[in-house]
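J.: protein_28.cif is reproduced below (mmCIF, C-alpha atoms).
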```
data_query
#
loop_
_atom_site.label_atom_id
_atom_site.label_comp_id
_atom_site.auth_asym_id
_atom_site.auth_seq_id
_atom_site.Cartn_x
_atom_site.Cartn_y
_atom_site.Cartn_z
CA MET X 1 -3.22 2.62 -12.00
CA VAL X 2 -6.55 3.76 -10.61
CA LYS X 3 -5.49 7.38 -10.93
CA GLU X 4 -4.28 7.02 -14.51
CA ILE X 5 -7.53 5.36 -15.59
CA GLU X 6 -9.49 8.15 -13.94
CA ARG X 7 -7.22 10.64 -15.72
CA ALA X 8 -8.05 8.97 -19.03
CA GLY X 9 -11.62 10.08 -18.42
CA ILE X 10 -13.23 6.83 -17.28
CA PRO X 11 -14.94 6.64 -13.88
CA VAL X 12 -13.33 3.90 -11.82
CA VAL X 13 -14.26 2.22 -8.55
CA HIS X 14 -11.46 0.71 -6.49
CA MET X 15 -12.41 -2.48 -4.66
CA CYS X 16 -9.79 -3.28 -2.05
CA THR X 17 -9.29 -4.38 1.52
CA VAL X 18 -6.70 -1.90 2.80
CA VAL X 19 -8.65 1.33 2.38
CA PRO X 20 -5.87 3.63 3.68
CA ILE X 21 -3.65 2.50 0.80
CA SER X 22 -6.43 3.23 -1.68
CA LEU X 23 -6.82 6.72 -0.20
CA THR X 24 -3.07 7.26 -0.46
CA VAL X 25 -2.89 6.24 -4.11
CA GLY X 26 -5.70 8.66 -4.91
CA ALA X 27 -8.76 6.53 -5.73
CA ASN X 28 -11.96 8.56 -5.72
CA ARG X 29 -14.61 5.86 -5.41
CA ILE X 30 -13.66 3.11 -2.97
CA VAL X 31 -15.52 -0.04 -1.91
CA PRO X 32 -13.91 -1.93 1.01
CA THR X 33 -13.64 -5.68 0.46
CA ILE X 34 -13.30 -8.86 2.52
CA ALA X 35 -9.64 -9.84 2.85
CA ILE X 36 -6.30 -9.37 1.12
CA PRO X 37 -6.00 -12.86 -0.46
CA HIS X 38 -9.71 -13.00 -1.38
CA PRO X 39 -11.12 -9.48 -1.71
CA LEU X 40 -14.30 -10.64 -3.44
CA GLY X 41 -14.97 -13.89 -1.68
CA ASN X 42 -14.93 -15.73 1.58
CA PRO X 43 -13.78 -19.34 1.40
CA SER X 44 -15.40 -20.18 4.74
CA LEU X 45 -18.88 -19.71 3.24
CA ASP X 46 -20.57 -22.29 1.07
CA PRO X 47 -20.25 -21.49 -2.65
CA LYS X 48 -23.80 -20.14 -2.97
CA GLU X 49 -23.48 -17.77 -0.03
CA GLU X 50 -20.06 -16.73 -1.21
CA LYS X 51 -21.36 -15.77 -4.63
CA ALA X 52 -24.22 -13.83 -3.02
CA LEU X 53 -21.66 -11.92 -0.95
CA ARG X 54 -19.63 -11.18 -4.09
CA ARG X 55 -22.74 -9.98 -5.88
CA LYS X 56 -23.52 -7.57 -3.03
CA LEU X 57 -20.01 -6.13 -3.20
CA VAL X 58 -20.20 -5.71 -6.98
CA GLU X 59 -23.64 -4.10 -6.73
CA ARG X 60 -22.20 -1.67 -4.20
CA ALA X 61 -19.40 -0.89 -6.68
CA LEU X 62 -21.98 -0.25 -9.41
CA GLU X 63 -23.83 2.12 -7.06
CA ALA X 64 -20.56 3.94 -6.44
CA LEU X 65 -20.06 4.34 -10.19
CA GLN X 66 -23.56 5.84 -10.47
CA THR X 67 -22.98 8.30 -7.62
CA GLU X 68 -21.55 11.77 -8.22
CA VAL X 69 -18.67 12.42 -5.83
CA GLU X 70 -16.74 15.59 -5.06
CA GLY X 71 -13.62 13.96 -3.72
CA GLN X 72 -12.45 10.67 -2.27
CA THR X 73 -15.46 8.70 -1.05
CA VAL X 74 -15.58 5.34 0.70
CA PHE X 75 -18.73 3.34 -0.02
CA GLU X 76 -19.08 1.01 2.98
CA MET X 77 -21.36 -2.01 2.64
CA LYS X 78 -24.86 -1.26 3.82
CA MET J 1 22.74 5.53 33.67
CA GLY J 2 21.04 2.35 32.53
CA LYS J 3 20.37 1.34 28.98
CA PHE J 4 17.41 2.74 27.12
CA LYS J 5 14.60 0.22 26.79
CA VAL J 6 13.46 -0.46 23.25
CA VAL J 7 10.46 -2.38 21.94
CA HIS J 8 10.80 -3.59 18.36
CA TYR J 9 7.98 -4.43 15.92
CA ILE J 10 8.46 -6.84 13.00
CA ASN J 11 6.26 -8.99 10.74
CA GLN J 12 5.85 -12.74 10.58
CA PHE J 13 8.42 -13.05 7.81
CA PHE J 14 11.29 -11.28 9.58
CA ALA J 15 10.43 -13.20 12.77
CA GLY J 16 11.04 -16.43 10.88
CA ILE J 17 7.48 -17.67 11.43
CA GLY J 18 6.63 -17.99 7.76
CA GLY J 19 5.75 -16.29 4.49
CA GLU J 20 2.39 -15.48 2.98
CA GLU J 21 0.74 -18.61 4.37
CA LYS J 22 1.40 -17.17 7.84
CA ALA J 23 0.48 -13.57 7.05
CA ASP J 24 -2.66 -13.84 9.17
CA HIS J 25 -0.52 -14.39 12.30
CA ARG J 26 -2.05 -12.49 15.23
CA PRO J 27 0.05 -10.12 17.33
CA GLU J 28 2.33 -11.77 19.85
CA VAL J 29 5.14 -10.54 22.01
CA ARG J 30 8.40 -12.30 22.76
CA GLU J 31 10.98 -11.17 25.25
CA GLU J 32 13.86 -11.75 22.91
CA VAL J 33 15.72 -10.10 20.07
CA LEU J 34 14.74 -11.39 16.64
CA GLY J 35 15.65 -10.94 12.98
CA PRO J 36 16.61 -7.34 12.20
CA GLY J 37 16.63 -6.69 15.95
CA LEU J 38 19.96 -8.50 16.10
CA ALA J 39 21.55 -5.92 13.82
CA LEU J 40 19.97 -3.10 15.81
CA LYS J 41 21.25 -4.63 19.01
CA ALA J 42 24.77 -4.73 17.63
CA GLY J 43 24.42 -1.11 16.55
CA PHE J 44 23.15 0.06 19.94
CA LYS J 45 26.06 -1.55 21.80
CA ASP J 46 25.62 -0.61 25.46
CA GLU J 47 23.38 2.37 24.93
CA ALA J 48 20.06 0.68 24.38
CA GLU J 49 18.54 -2.74 24.73
CA ILE J 50 15.63 -4.42 22.96
CA VAL J 51 13.49 -5.75 25.81
CA ALA J 52 10.71 -7.20 23.67
CA THR J 53 9.83 -7.94 20.07
CA ILE J 54 6.24 -7.69 18.88
CA ILE J 55 5.35 -9.80 15.87
CA CYS J 56 2.26 -9.47 13.73
CA GLY J 57 1.29 -10.95 10.37
CA ASP J 58 1.00 -8.37 7.58
CA SER J 59 -2.40 -9.50 6.36
CA TYR J 60 -3.79 -9.62 9.90
CA PHE J 61 -2.68 -6.03 10.43
CA GLY J 62 -3.90 -4.84 7.02
CA GLU J 63 -7.31 -6.43 7.39
CA ASN J 64 -7.86 -5.41 11.02
CA ILE J 65 -6.01 -2.13 11.31
CA GLU J 66 -7.94 -0.74 14.28
CA GLU J 67 -7.95 -3.95 16.33
CA ALA J 68 -4.37 -4.82 15.54
CA LYS J 69 -3.27 -1.33 16.49
CA LYS J 70 -5.06 -1.61 19.82
CA GLU J 71 -3.56 -5.03 20.57
CA VAL J 72 -0.04 -3.93 19.72
CA LEU J 73 -0.40 -0.69 21.71
CA GLU J 74 -1.39 -2.72 24.79
CA MET J 75 1.72 -4.86 24.35
CA VAL J 76 3.97 -1.83 24.02
CA LYS J 77 2.39 -0.17 27.04
CA LYS J 78 3.21 -3.15 29.23
CA TYR J 79 6.93 -2.61 28.73
CA ASN J 80 6.82 1.17 29.01
CA PRO J 81 9.87 1.50 26.73
CA ASP J 82 11.93 4.62 26.15
CA LEU J 83 11.83 4.06 22.41
CA PHE J 84 9.81 2.14 19.83
CA ILE J 85 11.16 0.96 16.48
CA ALA J 86 9.09 -0.67 13.71
CA GLY J 87 10.60 -2.44 10.72
CA PRO J 88 12.46 -1.75 8.51
CA ALA J 89 9.75 -2.61 5.98
CA PHE J 90 11.68 -1.85 2.75
CA ASN J 91 9.15 -2.03 -0.12
CA ALA J 92 6.65 -4.41 1.51
CA GLY J 93 3.40 -2.46 1.27
CA ARG J 94 1.27 -4.01 4.00
CA TYR J 95 4.27 -4.18 6.34
CA GLY J 96 5.07 -0.52 5.69
CA VAL J 97 1.50 0.53 6.43
CA ALA J 98 1.59 -1.54 9.64
CA CYS J 99 4.93 -0.02 10.71
CA GLY J 100 3.73 3.52 10.01
CA THR J 101 0.39 3.00 11.74
CA ILE J 102 1.89 1.55 14.87
CA ALA J 103 4.86 3.93 15.14
CA ASP J 104 2.46 6.85 14.74
CA ALA J 105 0.13 5.43 17.43
CA VAL J 106 2.92 4.68 19.91
CA GLN J 107 4.33 8.15 19.49
CA ASN J 108 1.11 10.11 19.50
CA GLU J 109 -1.08 8.02 21.82
CA LEU J 110 1.52 6.74 24.28
CA GLY J 111 3.96 9.63 23.98
CA ILE J 112 6.93 7.32 23.40
CA PRO J 113 9.51 8.40 20.80
CA SER J 114 9.11 6.17 17.75
CA LEU J 115 10.59 5.64 14.37
CA THR J 116 10.28 3.30 11.46
CA ALA J 117 12.11 2.71 8.20
CA MET J 118 11.06 1.87 4.65
CA TYR J 119 11.56 2.55 0.95
CA GLU J 120 10.24 5.90 -0.20
CA GLU J 121 7.67 4.32 -2.56
CA ASN J 122 6.16 2.14 0.15
CA PRO J 123 2.55 3.33 0.58
CA GLY J 124 3.22 3.56 4.32
CA ALA J 125 5.78 6.31 3.62
CA ASP J 126 3.34 8.77 2.10
CA MET J 127 0.81 8.01 4.79
CA PHE J 128 3.04 8.62 7.79
CA LYS J 129 6.18 10.56 6.83
CA LYS J 130 4.69 13.77 8.19
CA SER J 131 3.83 12.35 11.60
CA VAL J 132 6.79 10.07 12.41
CA TYR J 133 10.43 9.80 11.46
CA ILE J 134 10.76 7.30 8.63
CA VAL J 135 14.32 6.34 7.79
CA SER J 136 14.72 5.99 4.04
CA THR J 137 15.85 2.50 3.01
CA LYS J 138 16.49 0.57 -0.18
CA ASP J 139 13.62 -1.38 -1.74
CA SER J 140 14.67 -4.79 -0.48
CA ALA J 141 16.13 -6.46 2.59
CA ALA J 142 19.52 -6.33 0.86
CA GLY J 143 19.55 -2.78 2.24
CA MET J 144 19.38 -3.96 5.86
CA ARG J 145 22.91 -3.01 6.83
CA ASP J 146 22.54 0.45 5.34
CA ALA J 147 19.16 0.89 7.06
CA VAL J 148 20.50 -0.07 10.46
CA LYS J 149 23.39 2.34 10.05
CA LYS J 150 20.87 5.18 9.74
CA ILE J 151 18.30 3.93 12.24
CA VAL J 152 20.68 3.55 15.19
CA PRO J 153 22.04 7.12 15.40
CA LEU J 154 18.63 8.69 14.70
CA ALA J 155 16.96 6.48 17.31
CA LEU J 156 19.56 7.41 19.93
CA LYS J 157 19.16 11.11 19.18
CA LEU J 158 15.39 10.79 19.49
CA VAL J 159 15.48 8.97 22.79
CA LYS J 160 18.02 11.39 24.24
CA GLY J 161 15.99 14.36 23.05
CA GLU J 162 18.89 15.69 21.02
CA GLU J 163 18.35 17.97 18.07
CA ILE J 164 17.53 16.13 14.85
CA GLY J 165 19.25 17.40 11.71
CA SER J 166 17.75 17.77 8.26
CA PRO J 167 16.35 14.80 6.31
CA ASP J 168 19.48 14.72 4.15
CA GLU J 169 21.84 14.71 7.12
CA GLU J 170 20.00 12.05 9.10
CA GLY J 171 18.65 9.91 6.26
CA TYR J 172 14.93 10.13 6.97
CA LEU J 173 12.11 11.06 4.61
CA SER J 174 11.27 14.75 4.53
CA ARG J 175 8.43 15.60 6.88
CA GLY J 176 7.65 18.90 5.21
CA ILE J 177 8.75 20.89 8.26
CA ARG J 178 10.40 24.25 7.72
CA LYS J 179 12.92 25.53 10.21
CA ASN J 180 14.09 29.12 10.49
CA PHE J 181 17.81 29.69 10.66
CA PHE J 182 20.31 32.44 9.96
CA THR J 183 22.53 32.30 6.92
CA ASP J 184 25.40 34.48 5.88
CA LYS J 185 23.86 35.41 2.54
CA ARG J 186 20.64 37.30 2.26
CA GLY J 187 17.70 36.12 0.16
CA SER J 188 18.26 38.34 -2.86
CA GLU J 189 21.83 37.14 -3.20
CA ARG J 190 20.83 33.50 -2.88
CA ALA J 191 18.09 33.94 -5.45
CA VAL J 192 20.48 35.51 -7.97
CA ASP J 193 23.03 32.73 -7.34
CA MET J 194 20.34 30.16 -7.99
CA LEU J 195 19.19 31.91 -11.15
CA ILE J 196 22.74 32.07 -12.51
CA LYS J 197 23.21 28.37 -11.86
CA LYS J 198 19.94 27.67 -13.60
CA LEU J 199 20.92 29.79 -16.63
CA LYS J 200 24.22 27.96 -16.87
CA GLY J 201 22.37 24.67 -16.72
CA GLU J 202 24.10 23.77 -13.47
CA GLU J 203 22.50 21.89 -10.63
CA PHE J 204 20.88 23.97 -7.94
CA GLU J 205 18.78 23.23 -4.92
CA THR J 206 15.55 25.06 -4.34
CA GLU J 207 14.91 26.34 -0.84
CA PHE J 208 11.21 25.68 -1.15
CA PRO J 209 10.31 22.51 -3.01
CA MET J 210 6.72 22.48 -4.19
CA PRO J 211 4.67 19.73 -2.61
CA ASP J 212 3.64 17.03 -5.02
CA PHE J 213 -0.16 17.00 -5.01
CA ASP J 214 -1.01 14.60 -7.75
CA ARG J 215 -4.74 14.15 -7.40
CA VAL J 216 -7.12 13.41 -10.23
CA PRO J 217 -10.64 14.78 -9.79
CA PRO J 218 -13.41 12.18 -10.00
CA ASN J 219 -15.14 11.71 -13.33
CA PRO J 220 -18.90 12.22 -13.51
CA ALA J 221 -21.02 9.24 -12.50
CA VAL J 222 -22.30 6.72 -15.03
CA LYS J 223 -25.73 7.91 -16.18
CA ASP J 224 -27.28 4.65 -17.30
CA ILE J 225 -25.48 1.62 -15.98
CA THR J 226 -27.83 -0.71 -17.89
CA LYS J 227 -26.26 0.54 -21.11
CA ALA J 228 -22.69 0.86 -19.84
CA THR J 229 -19.74 -1.28 -20.86
CA ILE J 230 -17.77 -2.17 -17.76
CA ALA J 231 -14.20 -3.39 -17.74
CA ILE J 232 -12.26 -5.22 -15.05
CA VAL J 233 -8.73 -4.14 -14.16
CA THR J 234 -6.75 -5.69 -11.32
CA SER J 235 -3.45 -5.45 -9.48
CA GLY J 236 -4.19 -8.86 -7.95
CA GLY J 237 -2.25 -10.80 -10.56
CA ALA J 238 -5.24 -12.59 -12.14
CA VAL J 239 -4.10 -14.41 -15.29
CA PRO J 240 -5.30 -17.25 -17.51
CA LYS J 241 -4.08 -20.65 -16.31
CA GLY J 242 -0.34 -20.97 -16.92
CA ASN J 243 0.37 -17.20 -16.83
CA PRO J 244 0.99 -16.98 -20.61
CA ASP J 245 2.74 -13.58 -20.47
CA HIS J 246 4.92 -14.61 -17.52
CA ILE J 247 3.91 -11.62 -15.44
CA GLU J 248 6.44 -11.36 -12.62
CA SER J 249 5.28 -12.37 -9.13
CA SER J 250 6.81 -9.19 -7.72
CA SER J 251 8.18 -5.91 -9.14
CA ALA J 252 6.07 -6.48 -12.26
CA GLN J 253 7.49 -5.12 -15.50
CA LYS J 254 4.32 -5.62 -17.54
CA TYR J 255 0.57 -6.06 -17.53
CA GLY J 256 -1.59 -8.50 -19.47
CA LYS J 257 -4.76 -8.05 -21.52
CA TYR J 258 -6.93 -11.17 -21.50
CA ASP J 259 -9.94 -12.20 -23.55
CA ILE J 260 -12.84 -13.49 -21.46
CA GLU J 261 -15.38 -13.87 -24.24
CA GLY J 262 -17.47 -16.95 -23.54
CA ILE J 263 -16.14 -17.33 -19.99
CA ASN J 264 -18.98 -17.20 -17.46
CA ASP J 265 -17.14 -18.49 -14.44
CA LEU J 266 -13.52 -18.69 -13.40
CA THR J 267 -12.27 -22.07 -12.22
CA PRO J 268 -8.95 -23.71 -11.32
CA GLU J 269 -8.86 -24.84 -14.98
CA ASN J 270 -9.04 -21.42 -16.61
CA GLY J 271 -7.54 -18.97 -14.18
CA GLU J 272 -4.95 -18.43 -11.45
CA THR J 273 -2.96 -15.67 -9.82
CA ALA J 274 0.62 -14.71 -10.60
CA HIS J 275 0.87 -12.52 -7.49
CA GLY J 276 3.67 -13.42 -5.08
CA GLY J 277 2.62 -11.07 -2.29
CA TYR J 278 -0.31 -12.93 -0.78
CA ASP J 279 -1.32 -16.53 -0.14
CA PRO J 280 -2.51 -17.68 -3.61
CA VAL J 281 -4.57 -20.67 -2.42
CA TYR J 282 -7.96 -18.88 -2.47
CA ALA J 283 -7.43 -17.14 -5.80
CA ASN J 284 -6.23 -20.33 -7.47
CA GLU J 285 -9.28 -22.19 -6.18
CA ASP J 286 -11.67 -19.59 -7.55
CA LEU J 287 -10.32 -16.52 -9.35
CA ASP J 288 -13.74 -14.86 -9.14
CA ARG J 289 -12.59 -13.98 -5.62
CA VAL J 290 -10.15 -11.54 -7.21
CA ILE J 291 -11.96 -10.54 -10.43
CA PRO J 292 -15.73 -11.02 -10.19
CA VAL J 293 -16.36 -12.34 -13.71
CA ASP J 294 -19.16 -14.73 -12.64
CA VAL J 295 -21.23 -12.02 -10.97
CA LEU J 296 -20.71 -9.50 -13.77
CA ARG J 297 -21.81 -12.11 -16.32
CA ASP J 298 -25.00 -12.67 -14.30
CA LEU J 299 -25.63 -8.93 -14.12
CA GLU J 300 -24.99 -8.65 -17.86
CA ARG J 301 -27.47 -11.43 -18.61
CA GLU J 302 -30.08 -9.85 -16.33
CA GLY J 303 -29.67 -6.52 -18.10
CA LYS J 304 -28.42 -4.79 -14.93
CA ILE J 305 -25.28 -3.67 -16.75
CA GLY J 306 -24.88 -3.08 -20.47
CA LYS J 307 -21.91 -5.29 -21.12
CA LEU J 308 -18.83 -6.77 -19.52
CA HIS J 309 -15.88 -5.63 -21.64
CA ARG J 310 -14.34 -8.45 -23.66
CA TYR J 311 -10.89 -8.07 -22.09
CA TYR J 312 -9.64 -7.69 -18.57
CA TYR J 313 -6.30 -6.11 -17.69
CA SER J 314 -4.07 -7.41 -14.99
CA THR J 315 -0.74 -6.86 -13.32
CA VAL J 316 0.90 -7.82 -10.06
CA GLY J 317 0.91 -5.04 -7.49
CA ASN J 318 3.69 -6.38 -5.30
CA GLY J 319 6.64 -4.10 -4.81
CA THR J 320 5.88 -2.76 -8.27
CA ALA J 321 7.54 0.59 -8.92
CA VAL J 322 5.15 3.52 -8.90
CA ALA J 323 6.56 4.65 -12.24
CA ASN J 324 5.67 1.27 -13.78
CA ALA J 325 2.18 1.21 -12.29
CA LYS J 326 1.65 4.70 -13.70
CA LYS J 327 2.82 3.60 -17.12
CA PHE J 328 0.54 0.54 -17.07
CA GLY J 329 -2.38 2.69 -15.94
CA GLU J 330 -1.83 5.19 -18.75
CA ALA J 331 -1.67 2.49 -21.40
CA ILE J 332 -4.70 0.63 -20.02
CA GLY J 333 -6.70 3.86 -19.68
CA LYS J 334 -5.97 4.81 -23.28
CA ASP J 335 -6.88 1.37 -24.58
CA LEU J 336 -10.15 1.29 -22.61
CA LYS J 337 -11.07 4.78 -23.77
CA GLU J 338 -10.52 3.82 -27.41
CA ALA J 339 -12.62 0.69 -26.91
CA GLY J 340 -15.49 2.83 -25.64
CA VAL J 341 -15.53 1.46 -22.09
CA ASP J 342 -17.78 3.53 -19.80
CA ALA J 343 -16.59 2.49 -16.36
CA VAL J 344 -13.95 0.38 -14.65
CA ILE J 345 -13.97 -1.88 -11.62
CA LEU J 346 -10.40 -2.12 -10.35
CA THR J 347 -9.69 -4.77 -7.74
CA SER J 348 -6.64 -4.99 -5.48
CA THR J 349 -5.48 -7.68 -3.11
#
```
When written as structure tokens, how does the structure in this file appear?

T.:
Amino acid sequence: MVKEIERAGIPVVHMCTVVPISLTVGANRIVPTIAIPHPLGNPSLDPKEEKALRRKLVERALEALQTEVEGQTVFEMK
Amino acid sequence: MGKFKVVHYINQFFAGIGGEEKADHRPEVREEVLGPGLALKAGFKDEAEIVATIICGDSYFGENIEEAKKEVLEMVKKYNPDLFIAGPAFNAGRYGVACGTIADAVQNELGIPSLTAMYEENPGADMFKKSVYIVSTKDSAAGMRDAVKKIVPLALKLVKGEEIGSPDEEGYLSRGIRKNFFTDKRGSERAVDMLIKKLKGEEFETEFPMPDFDRVPPNPAVKDITKATIAIVTSGGAVPKGNPDHIESSSAQKYGKYDIEGINDLTPENGETAHGGYDPVYANEDLDRVIPVDVLRDLEREGKIGKLHRYYYSTVGNGTAVANAKKFGEAIGKDLKEAGVDAVILTST
């Protein structure tokens, strides 16, 4: 799906936990996430902290979308 | 001569420990034959013996690839087997990646002959078919008998150091290796034969299949994110409460397009997951953990992004055929383009 959306001419960032799979399916901008059943959250945190964590991940994804890339690039959390 | 010693790797499901709720099971080793190992054992007869079975949860492996690999390698090392077999994983994505990763590591770091088995569309197949032998299986465990029939002879050839035949003969996925051999017809004759078959519309087999490099170059970056419309797409099965389109929990045949106008936060009342390939508890509690609607709404309100697109698109990426995923992606991409969406955040579980 990520490849077809990119092919349609829209920049796309793939947020996922298993980065090797994302590389195999051909995503160009990749942001690694927390865990398979909750990529954008962590149920062991309190709700406020959890939302802050999610915001950081989404902000990283927005940075990725604003970054020119040549090929497949993984944007680790800073 | 004694029997060859085999160590077998399987996931929590095939070990009978549990389903998705147990997918975070940490690696453990048992000195017994379990699950698919029983069929392998029957196939090996007196030639080889499974001395230990290593079990690891698929999510644990997928989320901790490096650590899990190290732990499993230590376990394998302890038994110093003659052969290592992982799977078969059929079309289970995380399991296939785990099987490929560990078979590759055992073979290339420990120098022990290894093989695994899975369906050709399993992401683990593309990742590892060049470095280890991957027996081609059907897409579900209904293909177990057929898989074992191919695994046993190939495994025995590997461990004995016998010559391995072509992918077609042995039933493994092509590794892209070319072998020189003598034929009775020279190249020009073979080429003309092939051309004649082609002209007649008959079937012919190329001697040099072109590799399939389907890569899409990245699009230029978003210039001004504060004016951009951003859409959410997911393979994590996010749906409005009640799954109105009845998206299938595995092998999805469709995707959904859902209106989120006026929704600032996802809750157990307005959203859930239809995905059958991971423990749904966390997503059902708070679907923002799969599609970050709450955060994107905040960013929209603060003017950090232009707009969150009115609809999100969702399917279930669980054993879903690549051809279907491609079709969904094409349709979604076209729709988003027509709607003037500038960028997409695609989340996967």

J.: Hey, what comes out of the PyMOL selection byres ((chain J) within 8 of (chain X)) on this file? Could you write it as a ChimeraX atom specification?

T.: /J:59,62-63,97,123-124,126-127,215-225,278-280,282-283,288-292,295-296,325-330,332-334,337,341-349

J.: Please compute the atom CA of Ile65 of chain J-atom CA of Phe14 of chain J distance, one decimal, in Å.

T.: 19.6 Å

J.: Using only C-alpha atoms, pick whichever of J:Ile151, J:His246, J:Ala231, J:Lys129 has the shortest atom-to-atom distance to Asp335 of chain J.

T.: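 The answer is J:Ala231, which sits nearest to Asp335 of chain J.
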
J.: For atom CA of Gly171 of chain J and atom CA of Asp46 of chain J, quote the distance in Å rounded to one decimal.

T.: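 Answer for the atom CA of Gly171 of chain J to atom CA of Asp46 of chain J separation: 23.0 Å.
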
J.: Expand the PyMOL selection byres ((chain J and resi 22-29) around 6) into the individual residues it matches in the shown file, reporting them as a ChimeraX atom specification.

T.: /J:18-21,30,53-60

J.: With only C-alpha atoms as the counted atoms, please give the residues lying no more than 8 Å from Gly37 of chain J, apart from itself and same-chain residues fewer than 3 positions off, as a ChimeraX atom specification.

T.: /J:8,33-34,40-41,50

J.: Residues around (-19.5, -21.2, -18.3), cut-off 12 Å, counting only C-alpha atoms - what are they as a PyMOL selection string?

T.: chain J and resi 260-267+269-270+293-295+297-298

J.: Could you jot down the atom CA of Glu120 of chain J to atom CA of Gly93 of chain J separation for me, Å, one decimal place?

T.: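 Separation between atom CA of Glu120 of chain J and atom CA of Gly93 of chain J: 10.9 Å.
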
J.: Could you state which residues are captured by the PyMOL selection byres ((chain J and resi 7) around 7) in this file, as a ChimeraX atom specification?

T.: /J:5-6,8-9,50-53,76,81,83-85

J.: Do a neighbour search on Lys307 of chain J at 7 Å with all atoms listed in the file, toss out local chain neighbours closer than 3 positions, and write the hits as a ChimeraX atom specification.

T.: /J:228-230,300

J.: With 4 Å of padding per side, what axis-aligned box (centre and edge lengths, Å, one decimal) covers all the listed atoms of segment 58-61 of chain X? Give it as lines of an AutoDock Vina configuration file.

T.:
```
center_x = -21.5
center_y = -3.3
center_z = -5.6
size_x = 12.2
size_y = 12.8
size_z = 10.8
```

J.: As a PyMOL selection string, please: the residues near Val148 of chain J (cut-off 12 Å, all atoms listed in the file, same-chain neighbours under 3 positions excluded).

T.: chain J and resi 36-44+85-90+116-118+135-138+141-145+151-155+171

J.: Could the residues in this selection be written to a file with C-alpha atoms, as a compact mmCIF listing (two decimals), in the coordinates of the input?

T.:
```txt
# COMPACT_ATOMS: atom_id res chain seq x y z
CA PRO J 36 16.61 -7.34 12.20
CA GLY J 37 16.63 -6.69 15.95
CA LEU J 38 19.96 -8.50 16.10
CA ALA J 39 21.55 -5.92 13.82
CA LEU J 40 19.97 -3.10 15.81
CA LYS J 41 21.25 -4.63 19.01
CA ALA J 42 24.77 -4.73 17.63
CA GLY J 43 24.42 -1.11 16.55
CA PHE J 44 23.15 0.06 19.94
CA ILE J 85 11.16 0.96 16.48
CA ALA J 86 9.09 -0.67 13.71
CA GLY J 87 10.60 -2.44 10.72
CA PRO J 88 12.46 -1.75 8.51
CA ALA J 89 9.75 -2.61 5.98
CA PHE J 90 11.68 -1.85 2.75
CA THR J 116 10.28 3.30 11.46
CA ALA J 117 12.11 2.71 8.20
CA MET J 118 11.06 1.87 4.65
CA VAL J 135 14.32 6.34 7.79
CA SER J 136 14.72 5.99 4.04
CA THR J 137 15.85 2.50 3.01
CA LYS J 138 16.49 0.57 -0.18
CA ALA J 141 16.13 -6.46 2.59
CA ALA J 142 19.52 -6.33 0.86
CA GLY J 143 19.55 -2.78 2.24
CA MET J 144 19.38 -3.96 5.86
CA ARG J 145 22.91 -3.01 6.83
CA ILE J 151 18.30 3.93 12.24
CA VAL J 152 20.68 3.55 15.19
CA PRO J 153 22.04 7.12 15.40
CA LEU J 154 18.63 8.69 14.70
CA ALA J 155 16.96 6.48 17.31
CA GLY J 171 18.65 9.91 6.26
```

J.: Considering only C-alpha atoms, state which residue in the set J:Tyr312, J:Ser251, J:Asn80, J:Ser235 is at the smallest distance from Asp139 of chain J.

T.: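 With only C-alpha atoms as the atom set, the closest residue is J:Ser251.
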
J.: When you get a chance, write out N, CA and C atoms for segment 123-131 of chain J, as an mmCIF file, keeping the file's coordinate frame.

T.:
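And here's part-v2.cif as it stands now:
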```cif
data_model
loop_
_atom_site.group_PDB
_atom_site.id
_atom_site.type_symbol
_atom_site.label_atom_id
_atom_site.label_comp_id
_atom_site.auth_asym_id
_atom_site.auth_seq_id
_atom_site.Cartn_x
_atom_site.Cartn_y
_atom_site.Cartn_z
ATOM 1 N N PRO J 123 3.704 2.486 0.295
ATOM 2 C CA PRO J 123 2.550 3.330 0.580
ATOM 3 C C PRO J 123 2.527 3.856 2.018
ATOM 4 N N GLY J 124 3.150 3.116 2.932
ATOM 5 C CA GLY J 124 3.220 3.560 4.320
ATOM 6 C C GLY J 124 4.019 4.846 4.472
ATOM 7 N N ALA J 125 4.932 5.111 3.532
ATOM 8 C CA ALA J 125 5.780 6.310 3.620
ATOM 9 C C ALA J 125 4.947 7.564 3.414
ATOM 10 N N ASP J 126 4.170 7.597 2.354
ATOM 11 C CA ASP J 126 3.340 8.770 2.100
ATOM 12 C C ASP J 126 2.324 8.996 3.216
ATOM 13 N N MET J 127 1.845 7.886 3.780
ATOM 14 C CA MET J 127 0.810 8.010 4.790
ATOM 15 C C MET J 127 1.331 8.594 6.101
ATOM 16 N N PHE J 128 2.585 8.286 6.441
ATOM 17 C CA PHE J 128 3.040 8.620 7.790
ATOM 18 C C PHE J 128 4.290 9.484 7.873
ATOM 19 N N LYS J 129 4.890 9.853 6.733
ATOM 20 C CA LYS J 129 6.180 10.560 6.830
ATOM 21 C C LYS J 129 6.048 11.922 7.504
ATOM 22 N N LYS J 130 4.850 12.483 7.517
ATOM 23 C CA LYS J 130 4.690 13.770 8.190
ATOM 24 C C LYS J 130 4.569 13.615 9.691
ATOM 25 N N SER J 131 4.081 12.467 10.166
ATOM 26 C CA SER J 131 3.830 12.350 11.600
ATOM 27 C C SER J 131 4.933 11.615 12.363
#
```
